[in-house]
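Trainee: Contents of model-v6.pdb (PDB, C-alpha atoms and all ligand atoms) are below:
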ATOM      1  CA  MET U   1      18.131  -5.904 -33.363  1.00  0.00           C
ATOM      2  CA  LYS U   2      19.494  -7.536 -30.196  1.00  0.00           C
ATOM      3  CA  TRP U   3      20.149  -4.199 -28.478  1.00  0.00           C
ATOM      4  CA  ILE U   4      16.430  -3.408 -28.662  1.00  0.00           C
ATOM      5  CA  ASP U   5      15.668  -6.612 -26.737  1.00  0.00           C
ATOM      6  CA  ARG U   6      17.894  -5.332 -23.973  1.00  0.00           C
ATOM      7  CA  LEU U   7      15.930  -2.074 -23.717  1.00  0.00           C
ATOM      8  CA  PHE U   8      12.490  -3.679 -23.642  1.00  0.00           C
ATOM      9  CA  ARG U   9      10.683  -6.611 -22.111  1.00  0.00           C
ATOM     10  CA  PHE U  10       7.098  -7.798 -22.037  1.00  0.00           C
ATOM     11  CA  CYS U  11       4.747  -7.151 -19.118  1.00  0.00           C
ATOM     12  CA  PRO U  12       3.914 -10.543 -17.539  1.00  0.00           C
ATOM     13  CA  GLU U  13       0.329  -9.402 -16.914  1.00  0.00           C
ATOM     14  CA  CYS U  14      -0.741  -7.847 -20.239  1.00  0.00           C
ATOM     15  CA  GLU U  15       2.222  -8.713 -22.544  1.00  0.00           C
ATOM     16  CA  THR U  16       2.654  -5.115 -23.669  1.00  0.00           C
ATOM     17  CA  ARG U  17       6.226  -4.189 -24.608  1.00  0.00           C
ATOM     18  CA  ILE U  18       7.641  -1.981 -21.832  1.00  0.00           C
ATOM     19  CA  SER U  19      10.972  -0.464 -20.875  1.00  0.00           C
ATOM     20  CA  HIS U  20      13.359  -2.699 -18.933  1.00  0.00           C
ATOM     21  CA  LYS U  21      13.649   0.037 -16.327  1.00  0.00           C
ATOM     22  CA  ALA U  22       9.872   0.418 -15.812  1.00  0.00           C
ATOM     23  CA  ARG U  23       8.865   0.000 -12.141  1.00  0.00           C
ATOM     24  CA  TYR U  24       5.280  -0.673 -13.207  1.00  0.00           C
ATOM     25  CA  CYS U  25       3.397  -1.309 -16.446  1.00  0.00           C
ATOM     26  CA  GLU U  26       1.814   1.898 -17.726  1.00  0.00           C
ATOM     27  CA  HIS U  27      -0.616  -0.153 -19.744  1.00  0.00           C
ATOM     28  CA  CYS U  28      -2.211  -2.401 -17.084  1.00  0.00           C
ATOM     29  CA  GLY U  29      -0.843  -0.839 -13.867  1.00  0.00           C
ATOM     30  CA  ALA U  30       0.909  -4.066 -12.695  1.00  0.00           C
ATOM     31  CA  TRP U  31       3.839  -3.580 -10.300  1.00  0.00           C
ATOM     32  CA  LEU U  32       7.020  -5.040 -11.816  1.00  0.00           C
ATOM     33  CA  ALA U  33      10.059  -3.980  -9.746  1.00  0.00           C
ATOM     34  CA  LYS U  34      10.254  -6.846  -7.232  1.00  0.00           C
ATOM     35  CA  SER U  35      13.722  -6.457  -5.695  1.00  0.00           C
ATOM     36  CA  ALA U  36      14.501  -4.326  -2.639  1.00  0.00           C
ATOM     37  CA  TRP U  37      16.964  -2.152  -4.578  1.00  0.00           C
ATOM     38  CA  LEU U  38      16.375  -0.547  -7.970  1.00  0.00           C
ATOM     39  CA  PRO U  39      18.996  -0.933 -10.749  1.00  0.00           C
ATOM     40  CA  GLU U  40      20.142   2.696 -10.269  1.00  0.00           C
ATOM     41  CA  GLY U  41      20.947   1.927  -6.618  1.00  0.00           C
ATOM     42  CA  SER U  42      18.050   3.521  -4.730  1.00  0.00           C
ATOM     43  CA  PHE U  43      15.823   1.712  -2.251  1.00  0.00           C
ATOM     44  CA  ASN U  44      12.587   0.427  -3.815  1.00  0.00           C
ATOM     45  CA  TRP U  45      10.030   2.349  -1.693  1.00  0.00           C
ATOM     46  CA  GLY U  46       7.356   1.665  -4.311  1.00  0.00           C
ATOM     47  CA  LEU U  47       7.671  -2.062  -3.626  1.00  0.00           C
ATOM     48  CA  VAL U  48       7.234  -1.457   0.127  1.00  0.00           C
ATOM     49  CA  SER U  49       4.112   0.580  -0.584  1.00  0.00           C
ATOM     50  CA  GLU U  50       2.744  -2.168  -2.858  1.00  0.00           C
ATOM     51  CA  ILE U  51       3.419  -4.938  -0.297  1.00  0.00           C
ATOM     52  CA  LEU U  52       1.812  -2.928   2.512  1.00  0.00           C
ATOM     53  CA  ALA U  53      -1.247  -2.439   0.251  1.00  0.00           C
ATOM     54  CA  ASP U  54      -1.350  -6.247  -0.240  1.00  0.00           C
ATOM     55  CA  LEU U  55      -1.137  -6.779   3.537  1.00  0.00           C
ATOM     56  CA  LEU U  56      -4.078  -4.414   4.083  1.00  0.00           C
ATOM     57  CA  THR U  57      -6.181  -6.626   1.796  1.00  0.00           C
ATOM     58  CA  GLU U  58      -8.302  -9.420   3.348  1.00  0.00           C
ATOM     59  CA  PRO U  59      -5.925 -12.270   4.386  1.00  0.00           C
ATOM     60  CA  THR U  60      -5.655 -15.552   2.458  1.00  0.00           C
ATOM     61  CA  VAL U  61      -3.519 -18.645   3.248  1.00  0.00           C
ATOM     62  CA  GLU U  62      -0.502 -16.870   1.698  1.00  0.00           C
ATOM     63  CA  TYR U  63      -0.707 -14.043   4.228  1.00  0.00           C
ATOM     64  CA  PRO U  64       2.145 -15.216   6.541  1.00  0.00           C
ATOM     65  CA  THR U  65       4.418 -15.652   3.486  1.00  0.00           C
ATOM     66  CA  LYS U  66       3.603 -12.100   2.357  1.00  0.00           C
ATOM     67  CA  VAL U  67       4.427 -10.733   5.828  1.00  0.00           C
ATOM     68  CA  GLN U  68       7.779 -12.569   5.720  1.00  0.00           C
ATOM     69  CA  ALA U  69       8.477 -11.172   2.240  1.00  0.00           C
ATOM     70  CA  CYS U  70       7.739  -7.684   3.571  1.00  0.00           C
ATOM     71  CA  ARG U  71      10.236  -8.160   6.425  1.00  0.00           C
ATOM     72  CA  ALA U  72      12.853  -9.384   3.924  1.00  0.00           C
ATOM     73  CA  VAL U  73      12.414  -6.270   1.734  1.00  0.00           C
ATOM     74  CA  LEU U  74      12.629  -4.010   4.803  1.00  0.00           C
ATOM     75  CA  GLN U  75      15.734  -5.743   6.156  1.00  0.00           C
ATOM     76  CA  SER U  76      18.057  -2.857   5.307  1.00  0.00           C
ATOM     77  CA  THR U  77      15.840  -0.389   7.200  1.00  0.00           C
ATOM     78  CA  ARG U  78      16.189  -1.496  10.806  1.00  0.00           C
ATOM     79  CA  LYS U  79      13.116   0.408  11.998  1.00  0.00           C
ATOM     80  CA  GLY U  80      10.785  -0.887   9.288  1.00  0.00           C
ATOM     81  CA  ALA U  81      11.929  -4.504   9.683  1.00  0.00           C
ATOM     82  CA  GLY U  82      11.371  -4.255  13.461  1.00  0.00           C
ATOM     83  CA  LEU U  83       7.864  -2.869  13.018  1.00  0.00           C
ATOM     84  CA  ILE U  84       6.757  -5.581  10.615  1.00  0.00           C
ATOM     85  CA  ALA U  85       8.392  -8.276  12.801  1.00  0.00           C
ATOM     86  CA  GLY U  86       6.186  -6.985  15.641  1.00  0.00           C
ATOM     87  CA  PHE U  87       3.133  -7.491  13.413  1.00  0.00           C
ATOM     88  CA  GLU U  88       4.331 -10.997  12.534  1.00  0.00           C
ATOM     89  CA  ASP U  89       4.591 -11.850  16.262  1.00  0.00           C
ATOM     90  CA  ARG U  90       1.098 -10.592  16.994  1.00  0.00           C
ATOM     91  CA  ILE U  91      -0.622 -12.650  14.296  1.00  0.00           C
ATOM     92  CA  ARG U  92       1.589 -15.755  14.504  1.00  0.00           C
ATOM     93  CA  SER U  93      -0.817 -17.844  16.601  1.00  0.00           C
ATOM     94  CA  LEU U  94      -3.888 -17.041  14.451  1.00  0.00           C
ATOM     95  CA  SER U  95      -5.229 -19.413  11.774  1.00  0.00           C
ATOM     96  CA  THR U  96      -6.215 -17.962   8.376  1.00  0.00           C
ATOM     97  CA  GLU U  97      -9.892 -18.129   9.393  1.00  0.00           C
ATOM     98  CA  GLU U  98      -9.232 -16.389  12.707  1.00  0.00           C
ATOM     99  CA  LEU U  99      -7.168 -13.758  10.952  1.00  0.00           C
ATOM    100  CA  ARG U 100      -9.925 -13.143   8.394  1.00  0.00           C
ATOM    101  CA  LYS U 101     -12.435 -12.695  11.193  1.00  0.00           C
ATOM    102  CA  VAL U 102     -10.192 -10.176  12.972  1.00  0.00           C
ATOM    103  CA  TYR U 103      -9.682  -8.419   9.626  1.00  0.00           C
ATOM    104  CA  ARG U 104     -13.424  -8.120   8.918  1.00  0.00           C
ATOM    105  CA  ASP U 105     -14.261  -7.064  12.483  1.00  0.00           C
ATOM    106  CA  THR U 106     -11.527  -4.450  12.211  1.00  0.00           C
ATOM    107  CA  PHE U 107     -11.835  -2.890   8.794  1.00  0.00           C
ATOM    108  CA  ASP U 108     -15.426  -3.626   7.762  1.00  0.00           C
ATOM    109  CA  LEU U 109     -17.247  -3.238  11.062  1.00  0.00           C
ATOM    110  CA  THR U 110     -15.378  -0.623  13.114  1.00  0.00           C
ATOM    111  CA  PRO U 111     -15.793   2.925  11.724  1.00  0.00           C
ATOM    112  CA  SER U 112     -12.761   4.334  13.595  1.00  0.00           C
ATOM    113  CA  PHE U 113     -10.543   1.763  11.805  1.00  0.00           C
ATOM    114  CA  SER U 114     -12.054   2.383   8.357  1.00  0.00           C
ATOM    115  CA  LEU U 115      -9.436   2.583   5.598  1.00  0.00           C
ATOM    116  CA  GLU U 116     -11.364   5.335   3.797  1.00  0.00           C
ATOM    117  CA  VAL U 117      -8.747   8.061   4.015  1.00  0.00           C
ATOM    118  CA  GLY U 118     -11.061  10.885   2.858  1.00  0.00           C
ATOM    119  CA  LYS U 119     -13.558  10.084   5.598  1.00  0.00           C
ATOM    120  CA  GLN U 120     -10.787   9.886   8.218  1.00  0.00           C
ATOM    121  CA  LEU U 121      -9.356  13.245   7.115  1.00  0.00           C
ATOM    122  CA  TYR U 122     -12.678  15.077   6.718  1.00  0.00           C
ATOM    123  CA  PRO U 123     -15.233  13.341   8.950  1.00  0.00           C
ATOM    124  CA  THR U 124     -17.650  16.291   8.875  1.00  0.00           C
ATOM    125  CA  ASP U 125     -16.847  17.927   5.529  1.00  0.00           C
ATOM    126  CA  GLU U 126     -18.393  15.998   2.666  1.00  0.00           C
ATOM    127  CA  ASP U 127     -17.182  18.441  -0.030  1.00  0.00           C
ATOM    128  CA  GLU U 128     -13.533  18.095   1.013  1.00  0.00           C
ATOM    129  CA  ARG U 129     -13.941  14.340   1.207  1.00  0.00           C
ATOM    130  CA  ASP U 130     -15.430  14.218  -2.306  1.00  0.00           C
ATOM    131  CA  LYS U 131     -12.534  16.337  -3.606  1.00  0.00           C
ATOM    132  CA  PHE U 132     -10.035  13.906  -2.098  1.00  0.00           C
ATOM    133  CA  VAL U 133     -11.833  10.890  -3.599  1.00  0.00           C
ATOM    134  CA  ALA U 134     -11.887  12.597  -7.030  1.00  0.00           C
ATOM    135  CA  TRP U 135      -8.147  13.354  -6.759  1.00  0.00           C
ATOM    136  CA  MET U 136      -7.416   9.701  -5.944  1.00  0.00           C
ATOM    137  CA  ARG U 137      -9.623   8.450  -8.756  1.00  0.00           C
ATOM    138  CA  GLN U 138      -7.762  10.647 -11.231  1.00  0.00           C
ATOM    139  CA  GLU U 139      -4.332   9.538  -9.926  1.00  0.00           C
ATOM    140  CA  LEU U 140      -5.279   5.870 -10.231  1.00  0.00           C
ATOM    141  CA  ARG U 141      -6.798   6.236 -13.686  1.00  0.00           C
ATOM    142  CA  SER U 142      -3.795   8.150 -14.998  1.00  0.00           C
ATOM    143  CA  LYS U 143      -1.586   5.166 -14.027  1.00  0.00           C
ATOM    144  CA  ASN U 144      -4.150   2.571 -15.189  1.00  0.00           C
ATOM    145  CA  VAL U 145      -4.377   1.057 -11.697  1.00  0.00           C
ATOM    146  CA  LYS U 146      -7.536  -1.014 -11.260  1.00  0.00           C
ATOM    147  CA  ILE U 147      -9.994   0.442  -8.736  1.00  0.00           C
ATOM    148  CA  THR U 148     -12.032  -2.792  -8.535  1.00  0.00           C
ATOM    149  CA  PRO U 149     -13.134  -4.462  -6.279  1.00  0.00           C
ATOM    150  CA  TYR U 150     -13.623  -1.029  -4.688  1.00  0.00           C
ATOM    151  CA  SER U 151     -16.297   1.279  -6.007  1.00  0.00           C
ATOM    152  CA  PRO U 152     -15.195   4.582  -7.627  1.00  0.00           C
ATOM    153  CA  ASP U 153     -16.730   6.318  -4.586  1.00  0.00           C
ATOM    154  CA  SER U 154     -14.261   4.450  -2.364  1.00  0.00           C
ATOM    155  CA  ALA U 155     -11.169   5.348  -4.404  1.00  0.00           C
ATOM    156  CA  ASP U 156      -9.825   6.964  -1.207  1.00  0.00           C
ATOM    157  CA  ASN U 157      -9.283   3.507   0.362  1.00  0.00           C
ATOM    158  CA  LEU U 158      -5.791   3.406   1.918  1.00  0.00           C
ATOM    159  CA  ILE U 159      -4.967   0.310  -0.166  1.00  0.00           C
ATOM    160  CA  LEU U 160      -5.519   2.311  -3.362  1.00  0.00           C
ATOM    161  CA  CYS U 161      -3.718   5.364  -1.928  1.00  0.00           C
ATOM    162  CA  LEU U 162      -0.640   3.165  -1.342  1.00  0.00           C
ATOM    163  CA  ARG U 163      -0.808   1.801  -4.896  1.00  0.00           C
ATOM    164  CA  ALA U 164      -1.050   5.361  -6.242  1.00  0.00           C
ATOM    165  CA  ILE U 165       1.877   6.601  -4.140  1.00  0.00           C
ATOM    166  CA  ALA U 166       4.096   3.732  -5.368  1.00  0.00           C
ATOM    167  CA  ARG U 167       3.633   4.994  -8.922  1.00  0.00           C
ATOM    168  CA  MET U 168       4.190   8.724  -8.314  1.00  0.00           C
ATOM    169  CA  ASN U 169       7.476  10.536  -8.852  1.00  0.00           C
ATOM    170  CA  SER U 170       9.279  11.327  -5.602  1.00  0.00           C
ATOM    171  CA  ALA U 171       8.259  15.018  -5.276  1.00  0.00           C
ATOM    172  CA  ARG U 172       4.589  14.231  -5.809  1.00  0.00           C
ATOM    173  CA  ALA U 173       4.788  11.171  -3.547  1.00  0.00           C
ATOM    174  CA  GLU U 174       6.157  13.345  -0.719  1.00  0.00           C
ATOM    175  CA  ASP U 175       3.237  15.796  -1.001  1.00  0.00           C
ATOM    176  CA  PHE U 176       0.779  12.978  -1.178  1.00  0.00           C
ATOM    177  CA  ALA U 177       2.322  11.140   1.792  1.00  0.00           C
ATOM    178  CA  SER U 178       1.970  14.223   3.980  1.00  0.00           C
ATOM    179  CA  ALA U 179      -1.706  14.526   2.954  1.00  0.00           C
ATOM    180  CA  VAL U 180      -2.467  10.881   3.846  1.00  0.00           C
ATOM    181  CA  LEU U 181      -0.286  10.601   6.985  1.00  0.00           C
ATOM    182  CA  PRO U 182      -2.749  12.236   9.475  1.00  0.00           C
ATOM    183  CA  ALA U 183      -5.427   9.689   8.515  1.00  0.00           C
ATOM    184  CA  VAL U 184      -3.039   6.758   9.025  1.00  0.00           C
ATOM    185  CA  SER U 185      -1.860   8.135  12.388  1.00  0.00           C
ATOM    186  CA  LYS U 186      -5.481   8.518  13.464  1.00  0.00           C
ATOM    187  CA  ILE U 187      -6.340   4.879  12.613  1.00  0.00           C
ATOM    188  CA  ALA U 188      -3.125   3.616  14.267  1.00  0.00           C
ATOM    189  CA  ALA U 189      -3.904   5.565  17.467  1.00  0.00           C
ATOM    190  CA  ALA U 190      -7.466   4.191  17.587  1.00  0.00           C
ATOM    191  CA  MET U 191      -6.075   0.655  17.165  1.00  0.00           C
ATOM    192  CA  ARG U 192      -3.490   1.179  19.892  1.00  0.00           C
ATOM    193  CA  ALA U 193      -6.257   2.160  22.308  1.00  0.00           C
ATOM    194  CA  ALA U 194      -8.245  -0.966  21.337  1.00  0.00           C
ATOM    195  CA  ASN U 195      -5.254  -3.373  21.423  1.00  0.00           C
ATOM    196  CA  ASN U 196      -5.933  -4.445  17.815  1.00  0.00           C
ATOM    197  CA  PRO U 197      -3.167  -6.575  16.169  1.00  0.00           C
ATOM    198  CA  PHE U 198      -3.373  -4.561  12.919  1.00  0.00           C
ATOM    199  CA  GLU U 199      -1.963  -1.603  14.873  1.00  0.00           C
ATOM    200  CA  ASN U 200       1.554  -2.852  14.032  1.00  0.00           C
ATOM    201  CA  LEU U 201       0.738  -2.899  10.312  1.00  0.00           C
ATOM    202  CA  LEU U 202      -0.722   0.627  10.376  1.00  0.00           C
ATOM    203  CA  THR U 203       2.324   1.800  12.364  1.00  0.00           C
ATOM    204  CA  THR U 204       4.533   0.392   9.583  1.00  0.00           C
ATOM    205  CA  VAL U 205       2.525   2.349   6.984  1.00  0.00           C
ATOM    206  CA  GLU U 206       2.801   5.454   9.219  1.00  0.00           C
ATOM    207  CA  TRP U 207       6.584   5.002   9.418  1.00  0.00           C
ATOM    208  CA  MET U 208       6.847   4.644   5.626  1.00  0.00           C
ATOM    209  CA  LEU U 209       4.847   7.834   5.016  1.00  0.00           C
ATOM    210  CA  THR U 210       6.753   9.899   7.605  1.00  0.00           C
ATOM    211  CA  PRO U 211       9.525  12.046   6.063  1.00  0.00           C
ATOM    212  CA  SER U 212      12.958  10.863   7.216  1.00  0.00           C
TER     213      SER U 212
HETATM  214 ZN    ZN N   1       0.961  -4.754 -18.216  1.00  0.00          ZN
END
How would this structure read if it were set down as structure tokens?
Mentor:
Amino acid sequence: MKWIDRLFRFCPECETRISHKARYCEHCGAWLAKSAWLPEGSFNWGLVSEILADLLTEPTVEYPTKVQACRAVLQSTRKGAGLIAGFEDRIRSLSTEELRKVYRDTFDLTPSFSLEVGKQLYPTDEDERDKFVAWMRQELRSKNVKITPYSPDSADNLILCLRAIARMNSARAEDFASAVLPAVSKIAAAMRAANNPFENLLTTVEWMLTPS
């Protein structure tokens, strides 16, 4: 049954048997397609979305390596590579501890930079915000993406939105990107005004979500 081995492989995270072509594991949600180009020849936008979600997560010692990996994946898109290189320049002189402090001051303590997309989109309309959070929760659950460490009420976090978008088919991803884009542009503009180094990262996310 050798030909069957060529059609399937095992997920490195949960060891479920999955298709060789799978971009992510439908069982545990893990992202699997790690090269810039997919086997059928199209650019791996899902990987970009996943890496940007990782970069929006609180920095660890591996952070500079992850930023470099992001630039390498974006190499064939001149604009994207330039944007992430700008981010790399702005954080180059910071130690991990300094970077973590900037991260916390930015995303945990400054409401205008909050990554809660629903709140950014509907600051005064709680019903619309709740609807958006419920939509996100459903998207994530349908793909088995883990919501933790975020609470189900914070399923609209941009990090989770980017993980959801990576796993959508292209038509749905386009609709979703246009729904999320105004929130990302709003955060990026607030950061620009405050000279915050994460502006370059948000601008990269904004570029990715903008239709070409
Ligand atoms: Zn798995």
Trainee: Name the residues captured by the PyMOL selection byres (((not hetatm)) within 12 of (chain N and resi 1)) when it is applied to the shown file; answer as a list in words.
Mentor: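 Applying the expression gives Arg9, Phe10, Cys11, Pro12, Glu13, Cys14, Glu15, Thr16, Arg17, Ile18, Ser19, Ala22, Arg23, Tyr24, Cys25, Glu26, His27, Cys28, Gly29, Ala30, Trp31, Leu32, Lys143, Asn144, Val145 and Lys146 of chain U.
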Trainee: Do you have the atom CA of U:Glu128-atom CA of U:Asn157 distance handy?
Mentor: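 According to the coordinates, atom CA of U:Glu128 and atom CA of U:Asn157 are separated by 15.2 Å.
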Trainee: Work out how far apart atom CA of U:Phe107 and atom CA of U:Ser178 are and give it in Å to one decimal.
Mentor: 22.5 Å
Trainee: Write out as a ChimeraX atom specification each polymer residue whose atoms come within 12 Å of stretch 115-121 of chain U, counting only C-alpha atoms; drop sequence neighbours fewer than 6 positions from it.
Mentor: /U:53,56-57,103-104,106-109,127-137,150-151,153-162,176-188,190,198,202
Trainee: Check which residues satisfy the PyMOL selection byres (((chain U and resi 63) around 12) and not hetatm) in the file shown, then give them as a list in words.
Mentor: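 Applying the expression gives Ile51, Leu52, Asp54, Leu55, Leu56, Thr57, Glu58, Pro59, Thr60, Val61, Glu62, Pro64, Thr65, Lys66, Val67, Gln68, Ala69, Cys70, Phe87, Glu88, Ile91, Arg92, Leu94, Ser95, Thr96, Glu97, Leu99, Arg100 and Tyr103 of chain U.
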Trainee: For stretch 51-62 of chain U, I'd like the enclosing box, axis-aligned and padded by 6 Å on every side, reported as AutoDock Vina command-line options with centre and edge lengths in Å to one decimal.
Mentor:
--center_x -2.4 --center_y -10.5 --center_z 2.0 --size_x 23.7 --size_y 28.2 --size_z 16.7
Trainee: In Å to one decimal, how far is atom CA of U:Ala189 from atom CA of U:Val102?
Mentor: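 Computing it gives 17.5 Å between the two atoms.
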Trainee: N, CA and C atoms for stretch 121-135 of chain U, written as a PDB file, in the coordinates of the input, could you do that?
Mentor:
ATOM      1  N   LEU U 121      -9.923  11.884   7.124  1.00  0.00           N
ATOM      2  CA  LEU U 121      -9.356  13.245   7.115  1.00  0.00           C
ATOM      3  C   LEU U 121     -10.438  14.302   7.312  1.00  0.00           C
ATOM      4  N   TYR U 122     -11.605  14.072   6.697  1.00  0.00           N
ATOM      5  CA  TYR U 122     -12.678  15.077   6.718  1.00  0.00           C
ATOM      6  C   TYR U 122     -13.981  14.451   7.195  1.00  0.00           C
ATOM      7  N   PRO U 123     -14.041  14.059   8.485  1.00  0.00           N
ATOM      8  CA  PRO U 123     -15.233  13.341   8.950  1.00  0.00           C
ATOM      9  C   PRO U 123     -16.515  14.158   8.839  1.00  0.00           C
ATOM     10  N   THR U 124     -16.417  15.500   8.885  1.00  0.00           N
ATOM     11  CA  THR U 124     -17.650  16.291   8.875  1.00  0.00           C
ATOM     12  C   THR U 124     -17.790  17.140   7.617  1.00  0.00           C
ATOM     13  N   ASP U 125     -16.812  17.068   6.712  1.00  0.00           N
ATOM     14  CA  ASP U 125     -16.847  17.927   5.529  1.00  0.00           C
ATOM     15  C   ASP U 125     -16.937  17.084   4.255  1.00  0.00           C
ATOM     16  N   GLU U 126     -18.180  16.885   3.803  1.00  0.00           N
ATOM     17  CA  GLU U 126     -18.393  15.998   2.666  1.00  0.00           C
ATOM     18  C   GLU U 126     -17.751  16.523   1.373  1.00  0.00           C
ATOM     19  N   ASP U 127     -17.762  17.859   1.188  1.00  0.00           N
ATOM     20  CA  ASP U 127     -17.182  18.441  -0.030  1.00  0.00           C
ATOM     21  C   ASP U 127     -15.686  18.153  -0.121  1.00  0.00           C
ATOM     22  N   GLU U 128     -14.979  18.349   0.998  1.00  0.00           N
ATOM     23  CA  GLU U 128     -13.533  18.095   1.013  1.00  0.00           C
ATOM     24  C   GLU U 128     -13.255  16.610   0.780  1.00  0.00           C
ATOM     25  N   ARG U 129     -14.110  15.785   1.370  1.00  0.00           N
ATOM     26  CA  ARG U 129     -13.941  14.340   1.207  1.00  0.00           C
ATOM     27  C   ARG U 129     -14.121  13.966  -0.266  1.00  0.00           C
ATOM     28  N   ASP U 130     -15.176  14.508  -0.891  1.00  0.00           N
ATOM     29  CA  ASP U 130     -15.430  14.218  -2.306  1.00  0.00           C
ATOM     30  C   ASP U 130     -14.267  14.670  -3.182  1.00  0.00           C
ATOM     31  N   LYS U 131     -13.675  15.829  -2.837  1.00  0.00           N
ATOM     32  CA  LYS U 131     -12.534  16.337  -3.606  1.00  0.00           C
ATOM     33  C   LYS U 131     -11.355  15.367  -3.518  1.00  0.00           C
ATOM     34  N   PHE U 132     -11.135  14.847  -2.298  1.00  0.00           N
ATOM     35  CA  PHE U 132     -10.035  13.906  -2.098  1.00  0.00           C
ATOM     36  C   PHE U 132     -10.263  12.619  -2.902  1.00  0.00           C
ATOM     37  N   VAL U 133     -11.499  12.121  -2.857  1.00  0.00           N
ATOM     38  CA  VAL U 133     -11.833  10.890  -3.599  1.00  0.00           C
ATOM     39  C   VAL U 133     -11.619  11.115  -5.099  1.00  0.00           C
ATOM     40  N   ALA U 134     -12.035  12.289  -5.601  1.00  0.00           N
ATOM     41  CA  ALA U 134     -11.887  12.597  -7.030  1.00  0.00           C
ATOM     42  C   ALA U 134     -10.406  12.666  -7.419  1.00  0.00           C
ATOM     43  N   TRP U 135      -9.591  13.257  -6.528  1.00  0.00           N
ATOM     44  CA  TRP U 135      -8.147  13.354  -6.759  1.00  0.00           C
ATOM     45  C   TRP U 135      -7.545  11.956  -6.883  1.00  0.00           C
TER      46      TRP U 135
END
